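Peer 1: So I've got this file, final_35.txt, and it contains compact mmCIF, C-alpha atoms (C1' of nucleotides):
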```txt
# COMPACT_ATOMS: atom_id res chain seq x y z
CA MET H 1 78.84 93.67 142.49
CA SER H 2 82.02 92.16 141.18
CA THR H 3 84.66 93.10 138.65
CA LYS H 4 83.04 90.95 136.01
CA LEU H 5 81.90 92.29 132.67
CA PRO H 6 79.62 89.74 131.02
CA LYS H 7 77.91 89.91 127.67
CA GLN H 8 74.64 91.28 129.05
CA VAL H 9 76.32 94.54 130.04
CA LYS H 10 77.39 95.35 126.49
CA LEU H 11 75.32 97.74 124.45
CA LYS H 12 74.34 95.87 121.31
CA SER H 13 71.13 97.15 119.79
CA GLU H 14 71.72 99.28 116.73
CA LYS H 15 68.76 101.53 117.59
CA GLN H 16 70.02 102.22 121.07
CA ILE H 17 73.49 102.93 119.76
CA THR H 18 72.37 105.43 117.15
CA LEU H 19 70.12 107.04 119.77
CA LEU H 20 73.07 107.28 122.14
CA PHE H 21 75.29 109.05 119.63
CA LYS H 22 72.53 111.26 118.30
CA GLU H 23 70.69 112.30 121.49
CA GLY H 24 73.21 111.62 124.23
CA LYS H 25 75.48 114.15 125.87
CA SER H 26 79.21 113.98 125.44
CA PHE H 27 82.51 115.29 126.74
CA THR H 28 86.16 114.65 126.03
CA ALA H 29 88.99 113.49 128.25
CA TYR H 30 91.85 113.22 125.79
CA PRO H 31 92.38 110.77 124.14
CA LEU H 32 88.93 109.48 125.02
CA ARG H 33 85.45 110.72 124.20
CA PHE H 34 82.40 109.82 126.30
CA HIS H 35 78.81 109.69 125.12
CA TYR H 36 76.11 108.98 127.66
CA ILE H 37 72.38 108.93 128.32
CA ILE H 38 71.11 108.91 131.89
CA ASN H 39 67.61 107.53 132.29
CA ALA H 40 66.17 105.73 135.28
CA LYS H 41 64.49 103.13 133.06
CA LEU H 42 67.76 101.98 131.55
CA ASP H 43 69.94 99.11 132.63
CA SER H 44 73.60 99.91 132.75
CA LYS H 45 75.16 99.15 129.38
CA VAL H 46 78.44 100.14 127.84
CA LEU H 47 80.27 99.94 124.52
CA PHE H 48 83.83 100.64 123.51
CA SER H 49 84.90 101.84 120.10
CA ALA H 50 88.05 102.53 118.15
CA PRO H 51 87.34 103.93 114.69
CA LYS H 52 88.69 102.25 111.62
CA ARG H 53 89.57 105.67 110.28
CA LEU H 54 92.27 106.07 112.91
CA PHE H 55 93.30 102.46 113.43
CA LYS H 56 93.79 100.76 110.09
CA LYS H 57 94.87 97.45 111.55
CA ALA H 58 92.38 95.16 113.23
CA VAL H 59 94.99 94.24 115.81
CA ASP H 60 95.23 97.84 116.98
CA ARG H 61 91.46 98.28 117.15
CA ASN H 62 91.18 95.14 119.23
CA ARG H 63 93.96 96.31 121.52
CA ALA H 64 92.42 99.76 122.08
CA LYS H 65 89.07 98.25 122.95
CA ARG H 66 90.65 95.69 125.25
CA ILE H 67 92.51 98.37 127.18
CA LEU H 68 89.31 100.36 127.65
CA ARG H 69 87.29 97.34 128.65
CA GLU H 70 89.90 96.22 131.14
CA GLY H 71 90.03 99.72 132.67
CA TYR H 72 86.23 99.97 132.89
CA ARG H 73 85.91 96.51 134.38
CA LYS H 74 87.67 97.64 137.56
CA HIS H 75 85.03 100.32 138.26
CA GLU H 76 82.23 98.42 139.86
CA ARG H 77 79.94 101.31 140.75
CA PHE H 78 78.91 102.10 137.18
CA LYS H 79 77.22 98.77 136.79
CA GLU H 80 74.45 99.88 139.06
CA TYR H 81 73.91 103.22 137.35
CA SER H 82 71.07 103.67 134.89
CA ILE H 83 73.22 104.78 132.04
CA HIS H 84 74.06 103.99 128.45
CA LEU H 85 77.69 104.80 127.87
CA ALA H 86 80.01 104.81 124.85
CA ILE H 87 83.73 105.30 125.21
CA SER H 88 85.66 106.05 122.02
CA TYR H 89 89.41 106.13 121.56
CA LEU H 90 90.19 109.07 119.32
CA ALA H 91 93.97 109.36 119.22
CA THR H 92 95.97 107.96 116.37
CA SER H 93 98.67 106.13 118.27
CA ASP H 94 100.32 105.64 121.67
CA LEU H 95 98.69 102.34 122.37
CA GLU H 96 101.85 101.36 124.22
CA GLN H 97 101.23 103.90 127.00
CA THR H 98 98.46 102.07 128.80
CA ASP H 99 99.03 104.18 131.94
CA LYS H 100 97.99 107.39 130.19
CA ILE H 101 94.91 105.77 128.76
CA THR H 102 93.75 104.35 132.05
CA ALA H 103 94.42 107.72 133.70
CA ALA H 104 92.24 109.43 131.10
CA LEU H 105 89.61 106.78 131.59
CA ASN H 106 89.58 107.34 135.34
CA LYS H 107 89.34 111.09 134.86
CA GLY H 108 86.43 110.74 132.47
CA LEU H 109 84.63 108.28 134.68
CA SER H 110 84.91 110.52 137.75
CA GLU H 111 83.56 113.42 135.70
CA LEU H 112 80.70 111.21 134.68
CA ASP H 113 80.21 110.38 138.33
CA SER H 114 79.70 114.06 139.13
CA HIS H 115 77.21 114.40 136.27
CA PHE H 116 75.29 111.49 137.64
CA LYS H 117 75.16 112.84 141.15
CA VAL H 118 73.88 116.24 139.98
CA ARG H 119 70.89 114.44 138.62
C1' A G 120 135.56 81.75 107.40
C1' A G 121 133.04 85.02 103.88
C1' A G 122 129.52 85.65 100.01
C1' G G 123 125.53 83.13 97.82
C1' C G 124 121.62 79.22 96.14
C1' A G 125 117.70 75.77 97.48
C1' G G 126 114.56 73.45 101.06
C1' G G 127 112.38 72.55 105.90
C1' C G 128 110.79 73.94 110.96
C1' C G 129 109.13 77.34 114.95
C1' A G 130 106.23 81.68 115.79
C1' C G 131 108.67 83.59 123.21
C1' C G 132 108.06 79.87 127.17
C1' U G 133 106.36 79.15 132.15
C1' U G 134 103.79 79.83 137.41
C1' G G 135 99.90 82.35 140.15
C1' U G 136 95.54 85.82 140.64
C1' C G 137 91.40 88.48 138.16
C1' G G 138 88.38 88.60 133.61
C1' C G 139 86.02 87.05 128.34
C1' U G 140 83.45 83.28 124.57
C1' U G 141 81.64 78.33 123.61
C1' U G 142 80.55 73.40 125.18
C1' G G 143 79.68 69.79 129.04
C1' U G 144 78.31 68.41 134.18
C1' G G 145 75.12 69.10 137.99
C1' U G 146 71.79 72.86 141.03
C1' U G 147 67.53 75.98 140.42
C1' U G 148 60.65 77.70 138.52
C1' U G 149 63.97 80.74 135.58
C1' U G 150 68.02 83.99 135.60
C1' U G 151 72.31 84.29 138.33
C1' G G 152 76.09 81.57 140.51
C1' A G 153 79.63 76.77 140.71
C1' C G 154 83.10 73.18 138.54
C1' A G 155 85.66 71.13 134.22
C1' A G 156 87.39 71.27 129.13
C1' A G 157 88.52 73.94 124.70
C1' G G 158 89.55 78.78 122.57
C1' A G 159 93.20 82.94 116.06
C1' G G 160 97.43 82.58 111.56
C1' G G 161 101.57 81.25 108.53
C1' A G 162 100.19 84.55 106.38
C1' A G 163 93.78 84.71 109.73
C1' A G 164 95.81 89.98 105.16
C1' G G 165 95.24 91.45 99.65
C1' U G 166 90.32 89.58 97.53
C1' C G 167 94.04 87.96 92.58
C1' U G 168 92.30 83.03 91.26
C1' G G 169 90.00 77.51 91.29
C1' G G 170 86.06 74.91 93.59
C1' A G 171 82.15 73.32 97.37
C1' C G 172 77.40 75.31 98.92
C1' A G 173 72.77 78.49 98.00
C1' C G 174 69.29 81.00 94.80
C1' C G 175 68.19 82.57 89.84
C1' A G 176 65.64 77.48 84.77
C1' U G 177 68.48 70.55 85.98
C1' A G 178 72.31 76.57 83.70
C1' G G 179 70.38 75.49 77.56
C1' U G 180 72.13 76.73 71.89
C1' G G 181 74.75 80.19 68.52
C1' C G 182 77.47 84.74 68.10
C1' A G 183 80.31 88.21 70.71
C1' G G 184 83.66 88.59 74.86
C1' C G 185 87.32 86.74 78.44
C1' G G 186 91.13 83.25 80.07
C1' U G 187 94.99 79.46 79.28
C1' A G 188 99.02 77.80 75.75
C1' G G 189 106.30 73.19 74.51
C1' C G 190 105.50 67.86 75.88
C1' G G 191 103.85 64.39 79.73
C1' G G 192 101.60 63.75 84.48
C1' G G 193 98.72 65.30 89.29
C1' U G 194 94.02 67.23 91.11
C1' A G 195 87.21 68.28 92.82
C1' A G 196 89.20 72.21 89.86
C1' C G 197 92.70 75.94 88.47
C1' A G 198 95.80 80.84 85.95
C1' C G 199 98.25 76.01 90.80
C1' C G 200 101.76 71.74 91.59
C1' C G 201 105.39 67.83 89.72
C1' G G 202 108.67 65.82 85.87
C1' U G 203 111.14 66.93 81.42
C1' C G 204 112.90 69.40 76.80
C1' C G 205 114.05 74.28 74.87
C1' A G 206 115.40 79.46 75.33
C1' U G 207 117.50 83.39 78.33
C1' C G 208 120.45 84.91 82.76
C1' G G 209 124.42 83.39 86.32
C1' C G 210 131.71 81.37 87.17
C1' G G 211 128.44 78.07 89.91
C1' A G 212 124.62 75.90 93.32
C1' G G 213 120.45 77.46 90.47
C1' A G 214 116.72 81.10 88.60
C1' U G 215 113.18 82.91 85.02
C1' G G 216 109.12 81.67 81.03
C1' C G 217 107.07 87.04 77.00
C1' G G 218 107.97 78.58 74.59
C1' G G 219 100.97 76.63 69.99
C1' A G 220 100.46 78.33 64.54
C1' C G 221 103.41 83.26 59.83
C1' A G 222 102.08 75.64 54.20
C1' A G 223 94.70 80.75 55.55
C1' G G 224 94.43 86.13 55.26
C1' U G 225 95.89 91.29 56.75
C1' G G 226 99.81 94.27 58.66
C1' C G 227 104.98 95.68 60.15
C1' A G 228 110.49 95.79 59.42
C1' A G 229 116.53 100.09 61.21
C1' C G 230 121.03 99.92 57.97
C1' A G 231 122.56 98.13 53.25
C1' G G 232 120.26 97.24 48.55
C1' A G 233 117.42 98.48 41.94
C1' A G 234 113.87 95.72 44.72
C1' A G 235 111.84 93.07 51.39
C1' G G 236 105.47 92.49 47.21
C1' C G 237 102.69 94.78 42.51
C1' A G 238 106.59 97.92 40.90
C1' A G 239 111.11 97.83 39.02
C1' G G 240 115.88 95.62 37.66
C1' U G 241 123.09 96.45 37.13
C1' A G 242 126.98 93.19 35.05
C1' C G 243 128.43 88.44 33.07
C1' A G 244 127.24 83.50 31.31
C1' G G 245 123.84 79.85 29.41
C1' U G 246 119.57 79.45 26.37
C1' U G 247 114.42 75.74 23.79
C1' C G 248 115.50 83.42 22.34
C1' G G 249 110.45 84.05 26.58
C1' G G 250 112.84 89.94 31.83
C1' C G 251 113.59 81.84 30.67
C1' U G 252 117.71 80.16 33.92
C1' G G 253 122.20 80.64 36.70
C1' U G 254 126.19 83.49 38.89
C1' A G 255 128.08 88.12 40.99
C1' G G 256 126.75 92.30 44.16
C1' U G 257 123.46 94.23 49.40
C1' G G 258 121.55 91.65 53.46
C1' A G 259 119.80 87.45 58.70
C1' A G 260 116.62 86.69 54.43
C1' A G 261 116.06 88.12 47.33
C1' U G 262 110.45 86.28 44.76
C1' C G 263 110.55 82.31 48.31
C1' A G 264 107.77 76.85 52.70
C1' G G 265 112.46 84.34 54.93
C1' G G 266 111.38 87.08 60.02
C1' U G 267 107.60 89.04 63.36
C1' A G 268 101.52 86.49 66.62
C1' A G 269 104.30 91.02 74.94
C1' A G 270 100.70 92.72 65.66
C1' C G 271 95.57 91.83 64.17
C1' U G 272 94.40 86.92 63.45
C1' C G 273 93.90 81.42 63.44
C1' U G 274 93.85 76.70 66.26
C1' A G 275 92.88 73.68 70.74
C1' C G 276 90.77 73.63 75.54
C1' G G 277 87.95 76.15 79.41
C1' C G 278 84.39 79.96 81.17
C1' G G 279 76.17 81.59 82.71
C1' G G 280 75.05 85.35 86.82
C1' U G 281 74.86 86.82 91.93
C1' G G 282 77.52 85.84 96.73
C1' A G 283 76.58 83.88 103.88
C1' A G 284 74.00 90.99 104.15
C1' A G 285 73.45 83.91 99.73
C1' C G 286 69.51 80.91 101.34
C1' G G 287 65.66 78.25 104.78
C1' C G 288 62.50 78.94 109.11
C1' C G 289 60.12 81.19 113.66
C1' A G 290 57.71 85.28 115.93
C1' U G 291 55.22 90.20 115.39
C1' G G 292 51.43 91.35 111.60
C1' U G 293 47.83 97.71 109.18
C1' A G 294 46.53 98.77 103.72
C1' A G 295 45.69 98.59 96.99
C1' A G 296 50.92 95.84 96.65
C1' C G 297 52.53 89.31 97.86
C1' C G 298 51.24 83.85 96.92
C1' A G 299 47.95 79.79 95.09
C1' A G 300 43.70 77.94 92.34
C1' U G 301 39.93 78.90 88.68
C1' G G 302 38.40 81.81 84.47
C1' C G 303 39.43 85.26 80.35
C1' U G 304 41.25 88.30 75.91
C1' U G 305 45.36 90.93 73.98
C1' G G 306 50.36 88.45 74.97
C1' A G 307 52.08 94.74 76.96
C1' G G 308 55.94 93.41 79.98
C1' A G 309 59.47 90.60 83.22
C1' G G 310 63.23 86.66 84.68
C1' C G 311 67.80 87.37 80.93
C1' G G 312 73.97 88.83 82.97
C1' G G 313 76.21 92.10 75.64
C1' C G 314 73.02 90.29 71.26
C1' A G 315 69.91 86.54 68.88
C1' C G 316 67.33 82.00 69.70
C1' G G 317 65.02 79.27 73.21
C1' U G 318 62.50 78.83 77.73
C1' U G 319 59.65 80.14 82.21
C1' C G 320 56.27 83.53 84.08
C1' G G 321 52.78 87.09 82.94
C1' A G 322 48.14 92.87 83.43
C1' U G 323 42.07 93.06 84.61
C1' A G 324 37.95 89.21 87.61
C1' U G 325 36.44 85.59 91.59
C1' U G 326 37.79 82.49 95.72
C1' G G 327 41.30 81.11 99.29
C1' G G 328 45.90 82.02 101.80
C1' A G 329 49.44 85.09 104.37
C1' G G 330 53.34 87.84 102.20
C1' G G 331 56.64 92.61 101.94
C1' G G 332 59.16 96.56 104.96
C1' U G 333 61.27 97.50 109.97
C1' A G 334 63.50 95.49 114.51
C1' G G 335 64.53 90.46 116.93
C1' G G 336 65.62 85.08 117.24
C1' C G 337 67.00 80.05 115.23
C1' G G 338 69.23 77.27 111.30
C1' G G 339 72.96 77.67 107.31
C1' U G 340 77.93 77.43 110.88
C1' U G 341 81.81 74.17 111.34
C1' C G 342 83.09 66.37 110.55
C1' G G 343 85.96 68.38 106.44
C1' A G 344 88.45 67.27 98.77
C1' G G 345 89.83 66.92 107.81
C1' A G 346 94.39 65.82 110.89
C1' A G 347 98.32 62.40 112.87
C1' U G 348 101.09 57.74 112.46
C1' U G 349 102.46 53.35 109.70
C1' C G 350 102.63 50.49 105.20
C1' A G 351 102.30 50.19 99.79
C1' A G 352 102.56 52.45 94.40
C1' G G 353 105.21 56.43 91.83
C1' U G 354 111.64 59.95 89.87
C1' A G 355 108.04 63.47 91.85
C1' A G 356 103.46 66.22 92.46
C1' U G 357 100.15 62.77 94.33
C1' U G 358 97.28 58.30 95.20
C1' G G 359 95.55 53.81 97.93
C1' A G 360 94.97 50.99 102.60
C1' A G 361 94.93 50.38 108.00
C1' U G 362 94.69 52.48 112.94
C1' U G 363 93.79 56.60 116.04
C1' C G 364 91.76 61.59 116.88
C1' C G 365 87.68 65.66 116.91
C1' U G 366 90.86 70.51 116.77
C1' A G 367 87.78 78.45 117.46
C1' G G 368 82.70 79.34 116.12
C1' A G 369 82.12 85.12 117.78
C1' U G 370 77.87 88.34 115.73
C1' A G 371 78.62 96.51 118.17
C1' A G 372 81.83 90.75 117.41
C1' A G 373 85.37 86.20 122.66
C1' U G 374 92.27 85.16 123.72
C1' G G 375 93.16 90.29 127.82
C1' A G 376 95.24 92.55 132.50
C1' C G 377 98.54 92.36 136.78
C1' A G 378 102.82 90.08 139.40
C1' G G 379 107.19 86.69 139.34
C1' G G 380 110.93 83.50 136.76
C1' G G 381 113.87 81.88 132.27
C1' C G 382 117.41 85.97 128.52
C1' U G 383 116.77 92.31 129.83
C1' A G 384 114.50 92.40 123.56
C1' G G 385 110.80 89.29 121.02
C1' A G 386 108.82 90.64 114.21
C1' C G 387 104.52 90.74 110.70
C1' A G 388 99.98 90.67 112.44
C1' G G 389 93.39 89.06 114.71
C1' A G 390 89.16 83.84 112.34
C1' A G 391 83.68 85.90 110.33
C1' U G 392 80.39 80.02 105.26
C1' C G 393 84.33 76.40 104.16
C1' C G 394 88.47 74.28 101.39
C1' G G 395 92.89 74.34 97.11
C1' G G 396 96.44 77.87 95.34
C1' C G 397 98.87 82.71 94.14
C1' U G 398 100.66 87.44 95.93
C1' U G 399 102.24 90.78 99.67
C1' A G 400 104.18 91.82 105.14
C1' U G 401 107.65 89.66 108.64
C1' G G 402 111.44 87.65 113.45
C1' G G 403 114.48 83.47 114.17
C1' C G 404 116.57 78.40 113.83
C1' C G 405 118.25 74.10 111.09
C1' U G 406 119.83 71.10 106.81
C1' G G 407 122.00 70.38 101.98
C1' C G 408 124.71 72.56 98.08
C1' U G 409 127.92 76.42 95.17
C1' U G 410 132.07 79.93 94.65
C1' U G 411 136.46 82.18 96.74
C1' U G 412 140.35 82.20 100.46
C1' U G 413 143.35 79.82 104.44
C1' U G 414 145.33 75.28 106.90
C1' U G 415 146.50 69.90 106.76
```
Can the structure from this file be put into structure tokens for me?
Peer 2:
Amino acid sequence: MSTKLPKQVKLKSEKQITLLFKEGKSFTAYPLRFHYIINAKLDSKVLFSAPKRLFKKAVDRNRAKRILREGYRKHERFKEYSIHLAISYLATSDLEQTDKITAALNKGLSELDSHFKVR
RNA sequence: AAAGCAGGCCACCUUGUCGCUUUGUGUUUUUUGACAAAGAGGAAAGUCUGGACACCAUAGUGCAGCGUAGCGGGUAACACCCGUCCAUCGCGAGAUGCGGACAAGUGCAACAGAAAGCAAGUACAGUUCGGCUGUAGUGAAAUCAGGUAAACUCUACGCGGUGAAACGCCAUGUAAACCAAUGCUUGAGAGCGGCACGUUCGAUAUUGGAGGGUAGGCGGUUCGAGAAUUCAAGUAAUUGAAUUCCUAGAUAAAUGACAGGGCUAGACAGAAUCCGGCUUAUGGCCUGCUUUUUUU
């Protein structure tokens, strides 16, 4: 596995997304919120979101999602997991502090790791 | 030099590594993987306007409604642009536009005045003896072709609706629903945007076909009122000709990260069918001009 993140890995289907947010489990690692479904039949797929409610400008939404995607891209192991994952950015500002965000991302991902291993 | 006016240009640059989207090359059963090229804006924004395009009838007629408004020109079109007159503002460079019509009708008008329309009328003079005419007096204006249309109104010109989630196709495909043809009687009702006209369709039967919803894919979709350069016409907006170029095309939505250098900081801000404009947000550079002051 490499550090690539091609199109196929993104979660796109509207049905699967609504299922993920409705049925999936979730936890928070401020300023991020993780939703996930673990199922052996699933391919690993991920989506990143930044709500329009909190980020009025499209530039900021793009930036938040790019930071998350770049942080996730470095973690190769998740691409082999059978998981559908959504990572949402739920703070209003502080997009400049990329360190904090990536730290939160790492924390959340390691927590997710533990969840996965329990299964 | 300071303050100001107008116009134009740029939108941090660069090297390396990793990563994203599209296209091409070539490999492979296919996928993956490889290499190469290209990859956000001047406002991509607000959705305020004018079109193209698609469907509803080839988008019709009258009324209503809405928009525009000196004059001339430009344009696919416009509420936009150019020229020019006028008005207002500014010492000025310049800026702004609420600039059609009050010889159709209705309405409105501070103060003054008898009176600013339906009711009156002071003084003097003239007189064809009629409140007929003139002068004085108030006022911007006095019985009249005064003012006012960011008052109703009138005139001229323009305007049908919906909006890329339009629309066309593929695949999946259960039922009374959908479509076509034939037949039949009443023409209920529907397209139809506010009304009327007009026009198209139109209930139940038979036969044939495969439609709608949901999820998915392809097209529409980026070659265009296109860009650059030169020449010509025009005061200009703009137009014509020649040559060259192809310049984002995503779809839970592609441009990012890390490290180094220049100068350490680098604004507003992210395409979503496509063009013309307007408006708003915003960093910097340049050019011309105006006023004031100083020096020669």
Peer 1: Considering only C-alpha atoms (C1' of nucleotides), return as a PyMOL selection string whatever protein or nucleic-acid residues lie within 12 Å of Ile17 (chain H), sequence-local ones (same chain, fewer than 6 positions apart) excluded.
Peer 2: (chain H and resi 10-11+23-24+35-37+45-49+84-87) or (chain G and resi 371)
Peer 1: When you draw a straight line from CA of Phe34 (chain H) to CA of Tyr89 (chain H), how long is it in Å?
Peer 2: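 These two atoms are separated by 9.2 Å.
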Peer 1: May I ask which of the residues H:Leu90, H:Ala50, H:Leu20, H:Ile83 is the closest one to Ala104 (chain H), counting all atoms listed in the file?
Peer 2: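 When distances to Ala104 (chain H) are compared using all atoms listed in the file, the smallest one comes from H:Leu90.
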Peer 1: So how many Å separate CA of Lys107 (chain H) and CA of Tyr72 (chain H), to one decimal?
Peer 2: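 Atom-to-atom, CA of Lys107 (chain H) to CA of Tyr72 (chain H), that is 11.7 Å.
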Peer 1: Taking all atoms listed in the file into account, name the residue in H:Asn62, H:Ser88, H:Ser44, H:Thr28 that is nearest to chain G.
Peer 2: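 Under the stated criterion, the closest residue is H:Asn62.
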Peer 1: In Å, rounded to a single decimal, give me how far C1' of C139 (chain G) is from C1' of A155 (chain G).
Peer 2: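 Separation of C1' of A155 (chain G) and C1' of C139 (chain G): 17.0 Å.
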Peer 1: Give me, as a list in words, the residues of chain G touching chain H, with the criterion being at most 12 Å (counting only C-alpha atoms (C1' of nucleotides)).
Peer 2: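 Result, ordered by chain then number: C137, G138, C139, U140, U150, U151, A159, A163, A164, U333, A334, G335, A369, U370, A371, A372, A373, U374, G375, A376, C377, C387, A388, G389 and A390 of chain G.
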Peer 1: Extract, using only C-alpha atoms (C1' of nucleotides), all DNA, RNA and protein residues at most 9 Å from region 190-199 of chain G, discarding same-chain residues fewer than 2 positions from it, and format them as a PDB file with C-alpha atoms (C1' of nucleotides), in the coordinates of the input.
Peer 2:
```pdb
ATOM      1  C1'   U G 168      92.300  83.030  91.260  1.00  0.00           C
ATOM      2  C1'   G G 169      90.000  77.510  91.290  1.00  0.00           C
ATOM      3  C1'   G G 170      86.060  74.910  93.590  1.00  0.00           C
ATOM      4  C1'   A G 171      82.150  73.320  97.370  1.00  0.00           C
ATOM      5  C1'   G G 186      91.130  83.250  80.070  1.00  0.00           C
ATOM      6  C1'   U G 187      94.990  79.460  79.280  1.00  0.00           C
ATOM      7  C1'   C G 201     105.390  67.830  89.720  1.00  0.00           C
ATOM      8  C1'   G G 202     108.670  65.820  85.870  1.00  0.00           C
ATOM      9  C1'   U G 203     111.140  66.930  81.420  1.00  0.00           C
ATOM     10  C1'   C G 204     112.900  69.400  76.800  1.00  0.00           C
ATOM     11  C1'   A G 344      88.450  67.270  98.770  1.00  0.00           C
ATOM     12  C1'   A G 356     103.460  66.220  92.460  1.00  0.00           C
ATOM     13  C1'   U G 357     100.150  62.770  94.330  1.00  0.00           C
ATOM     14  C1'   G G 395      92.890  74.340  97.110  1.00  0.00           C
ATOM     15  C1'   G G 396      96.440  77.870  95.340  1.00  0.00           C
ATOM     16  C1'   C G 397      98.870  82.710  94.140  1.00  0.00           C
TER      17        C G 397
END
```
